[in-house]
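One structure below.
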Amino acid sequence: QVQLVESGGGLAQPGGSLRLSCAASGSISRLNVMGWYRQVPGKDRELVASILGGESTTYADSLKGRFTISRENANNTVYLQMNSLKAEDTAVYYCFLDAIVAARRYWGQGTQVTVSS
């Protein structure tokens with residue numbers, strides 16, 4: 001079993017920045033993808049960014065240039081640096097880990113990000 005604990009959400013002003021963290025613990029396979037989705041009420045969860053290993057990254061096209069994903073493999077932690085925040089970035093952000101060999105996805109509990117003046 002894998003547990004994911006997110007932190008770093010909260011309130012930011014438009015144009016501001018936030019950094020989300022997600023620490024994974026438990027039975028973590030070496031080959032995995034970690035990343036973030038976000039969801040607003042009434043809409044489907046959408047992929048924000050993902051990272052395989054330490055360098056192979058994927059981003060939602062609309063977020064490229066403002067959001068940066070990174071990870072520390074030594075402590076199984078993934079980060080999401082969010083800059084130039086907009087009101088439309090307001091959502092619950094969910095961390096995930098895909099165990100590729102086991103073909104299983106784990107989710108964090110979600111952290112609220114609110115962008116408002």
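Numbering starts fresh at 1 for the residues of each chain in the structure tokens, the chains themselves are lettered A, B, ... in the order given, and ligands are numbered from 1 as they appear.
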
Which of chain A fall in strand (DSSP E or B), as an MDAnalysis selection string: chainID A and resid 2:7 10:12 18:26 32:39 46:52 56:59 64 67:72 77:82 91:99 104:107 111:115

Selection from above, C-alpha atoms, as a JSON list (two decimals), in the first residue's frame, can you write it?
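Writing done, so here's part.json:
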```json
[["chain", "number", "residue", "atom", "x", "y", "z"],
["A", 2, "VAL", "CA", 1.09, 3.56, -0.73],
["A", 3, "GLN", "CA", 0.15, 6.69, 1.18],
["A", 4, "LEU", "CA", 0.39, 10.18, -0.28],
["A", 5, "VAL", "CA", 0.37, 13.28, 1.90],
["A", 6, "GLU", "CA", 0.01, 16.68, 0.28],
["A", 7, "SER", "CA", 0.88, 20.07, 1.70],
["A", 10, "GLY", "CA", -3.89, 27.74, 0.56],
["A", 11, "LEU", "CA", -4.80, 31.23, -0.54],
["A", 12, "ALA", "CA", -2.76, 33.22, -3.04],
["A", 18, "LEU", "CA", 2.43, 28.60, -4.29],
["A", 19, "ARG", "CA", 4.43, 25.40, -3.97],
["A", 20, "LEU", "CA", 2.69, 22.11, -3.39],
["A", 21, "SER", "CA", 4.45, 19.08, -1.96],
["A", 22, "CYS", "CA", 3.44, 15.44, -1.93],
["A", 23, "ALA", "CA", 5.32, 12.84, 0.07],
["A", 24, "ALA", "CA", 4.81, 9.17, -0.73],
["A", 25, "SER", "CA", 5.38, 6.38, 1.76],
["A", 26, "GLY", "CA", 4.77, 2.66, 1.94],
["A", 32, "ASN", "CA", 6.52, 4.98, -11.05],
["A", 33, "VAL", "CA", 5.03, 8.21, -12.25],
["A", 34, "MET", "CA", 4.04, 10.94, -9.82],
["A", 35, "GLY", "CA", 2.10, 14.06, -10.52],
["A", 36, "TRP", "CA", -0.88, 16.28, -9.95],
["A", 37, "TYR", "CA", -4.47, 16.57, -11.10],
["A", 38, "ARG", "CA", -6.88, 19.30, -10.20],
["A", 39, "GLN", "CA", -10.64, 19.49, -9.98],
["A", 46, "GLU", "CA", -7.79, 17.27, -15.17],
["A", 47, "LEU", "CA", -4.11, 16.45, -15.41],
["A", 48, "VAL", "CA", -1.83, 19.29, -14.35],
["A", 49, "ALA", "CA", 1.61, 17.67, -14.64],
["A", 50, "SER", "CA", 3.42, 14.40, -14.19],
["A", 51, "ILE", "CA", 7.01, 13.25, -13.85],
["A", 52, "LEU", "CA", 8.69, 9.91, -14.50],
["A", 56, "SER", "CA", 10.64, 13.15, -17.99],
["A", 57, "THR", "CA", 7.78, 15.59, -17.50],
["A", 58, "THR", "CA", 4.33, 16.16, -18.96],
["A", 59, "TYR", "CA", 2.22, 19.30, -18.58],
["A", 64, "LYS", "CA", 3.26, 25.27, -19.56],
["A", 67, "PHE", "CA", 3.82, 25.52, -13.45],
["A", 68, "THR", "CA", 6.90, 23.38, -12.85],
["A", 69, "ILE", "CA", 6.93, 19.84, -11.54],
["A", 70, "SER", "CA", 9.95, 18.27, -9.88],
["A", 71, "ARG", "CA", 10.71, 15.36, -7.58],
["A", 72, "GLU", "CA", 13.22, 14.09, -5.09],
["A", 77, "THR", "CA", 8.46, 13.55, -2.87],
["A", 78, "VAL", "CA", 7.00, 15.46, -5.79],
["A", 79, "TYR", "CA", 6.62, 19.24, -5.95],
["A", 80, "LEU", "CA", 4.50, 21.58, -8.01],
["A", 81, "GLN", "CA", 5.73, 25.15, -8.25],
["A", 82, "MET", "CA", 2.88, 27.37, -9.40],
["A", 91, "ALA", "CA", -9.23, 24.04, -7.51],
["A", 92, "VAL", "CA", -8.54, 21.07, -5.31],
["A", 93, "TYR", "CA", -5.16, 19.66, -6.32],
["A", 94, "TYR", "CA", -4.66, 15.92, -6.01],
["A", 95, "CYS", "CA", -1.32, 14.17, -5.96],
["A", 96, "PHE", "CA", -1.10, 10.76, -7.59],
["A", 97, "LEU", "CA", 1.38, 7.94, -7.96],
["A", 98, "ASP", "CA", 1.16, 5.39, -10.75],
["A", 99, "ALA", "CA", 2.86, 2.11, -9.94],
["A", 104, "ARG", "CA", -2.27, 0.76, -9.94],
["A", 105, "ARG", "CA", -2.88, 4.42, -9.14],
["A", 106, "TYR", "CA", -2.82, 5.93, -5.69],
["A", 107, "TRP", "CA", -4.31, 9.29, -4.74],
["A", 111, "THR", "CA", -5.31, 20.20, -1.08],
["A", 112, "GLN", "CA", -7.31, 23.33, -1.80],
["A", 113, "VAL", "CA", -5.72, 26.13, -3.78],
["A", 114, "THR", "CA", -7.64, 29.40, -3.93],
["A", 115, "VAL", "CA", -6.48, 32.33, -6.01]]
```

Just asking: which residues within chain A are helix (DSSP H, G or I) according to DSSP, as a ChimeraX atom specification? /A:61-63,73-75,87-89

Dump of N, CA and C atoms for the selected residues, as a PDB file, in the first residue's frame:
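Result written to result_6.pdb:
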```pdb
ATOM      1  N   ASP A  61      -1.175  21.644 -21.595  1.00  0.00           N
ATOM      2  CA  ASP A  61      -0.698  22.696 -22.503  1.00  0.00           C
ATOM      3  C   ASP A  61      -0.957  24.093 -21.946  1.00  0.00           C
ATOM      4  N   SER A  62      -2.084  24.273 -21.310  1.00  0.00           N
ATOM      5  CA  SER A  62      -2.465  25.601 -20.825  1.00  0.00           C
ATOM      6  C   SER A  62      -1.630  26.067 -19.649  1.00  0.00           C
ATOM      7  N   LEU A  63      -0.860  25.149 -19.046  1.00  0.00           N
ATOM      8  CA  LEU A  63      -0.112  25.500 -17.843  1.00  0.00           C
ATOM      9  C   LEU A  63       1.391  25.588 -18.081  1.00  0.00           C
ATOM     10  N   ASN A  73      13.709  11.812  -5.699  1.00  0.00           N
ATOM     11  CA  ASN A  73      13.509  10.362  -5.655  1.00  0.00           C
ATOM     12  C   ASN A  73      13.964   9.761  -4.325  1.00  0.00           C
ATOM     13  N   ALA A  74      14.965  10.383  -3.712  1.00  0.00           N
ATOM     14  CA  ALA A  74      15.504   9.830  -2.469  1.00  0.00           C
ATOM     15  C   ALA A  74      14.446   9.771  -1.370  1.00  0.00           C
ATOM     16  N   ASN A  75      13.527  10.744  -1.366  1.00  0.00           N
ATOM     17  CA  ASN A  75      12.495  10.737  -0.330  1.00  0.00           C
ATOM     18  C   ASN A  75      11.090  10.658  -0.917  1.00  0.00           C
ATOM     19  N   ALA A  87      -7.102  33.329 -11.193  1.00  0.00           N
ATOM     20  CA  ALA A  87      -8.299  32.894 -10.488  1.00  0.00           C
ATOM     21  C   ALA A  87      -8.757  31.515 -10.978  1.00  0.00           C
ATOM     22  N   GLU A  88      -8.559  31.242 -12.247  1.00  0.00           N
ATOM     23  CA  GLU A  88      -9.001  29.960 -12.799  1.00  0.00           C
ATOM     24  C   GLU A  88      -8.129  28.784 -12.365  1.00  0.00           C
ATOM     25  N   ASP A  89      -7.058  29.055 -11.656  1.00  0.00           N
ATOM     26  CA  ASP A  89      -6.263  27.973 -11.083  1.00  0.00           C
ATOM     27  C   ASP A  89      -6.863  27.468  -9.768  1.00  0.00           C
TER      28      ASP A  89
END
```

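If you measure from each of A:Gln1, A:Ile100, A:Gly9, A:Gly16 to Arg66 in chain A using only C-alpha atoms, the closest one turns out to be A:Gly16.
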
Using only C-alpha atoms, which residues sit within 8 Å of Pro14 in chain A once same-chain residues fewer than 3 positions away are excluded, as a PyMOL selection string? chain A and resi 84-87+115-117

Could those selected residues go to a file with C-alpha atoms, as an mmCIF file, in the first residue's frame?
```cif
data_model
loop_
_atom_site.group_PDB
_atom_site.id
_atom_site.type_symbol
_atom_site.label_atom_id
_atom_site.label_comp_id
_atom_site.auth_asym_id
_atom_site.auth_seq_id
_atom_site.Cartn_x
_atom_site.Cartn_y
_atom_site.Cartn_z
ATOM 1 C CA SER A 84 1.686 33.733 -12.029
ATOM 2 C CA LEU A 85 -1.430 32.262 -10.488
ATOM 3 C CA LYS A 86 -4.816 33.099 -11.923
ATOM 4 C CA ALA A 87 -8.299 32.894 -10.488
ATOM 5 C CA VAL A 115 -6.482 32.330 -6.010
ATOM 6 C CA SER A 116 -8.299 35.495 -5.069
ATOM 7 C CA SER A 117 -7.633 39.123 -4.226
#
```

Can you work out which one of A:Arg45, A:Gly110, A:Asn83, A:Gly53 has the shortest atom-to-atom distance to Arg30 in chain A, counting only C-alpha atoms?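 For Arg30 in chain A, the nearest of the given residues is A:Gly53.
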
For the atom pair CA of Gly15 in chain A and CA of Pro41 in chain A, what is the interatomic distance in Å to one decimal place? 22.8 Å
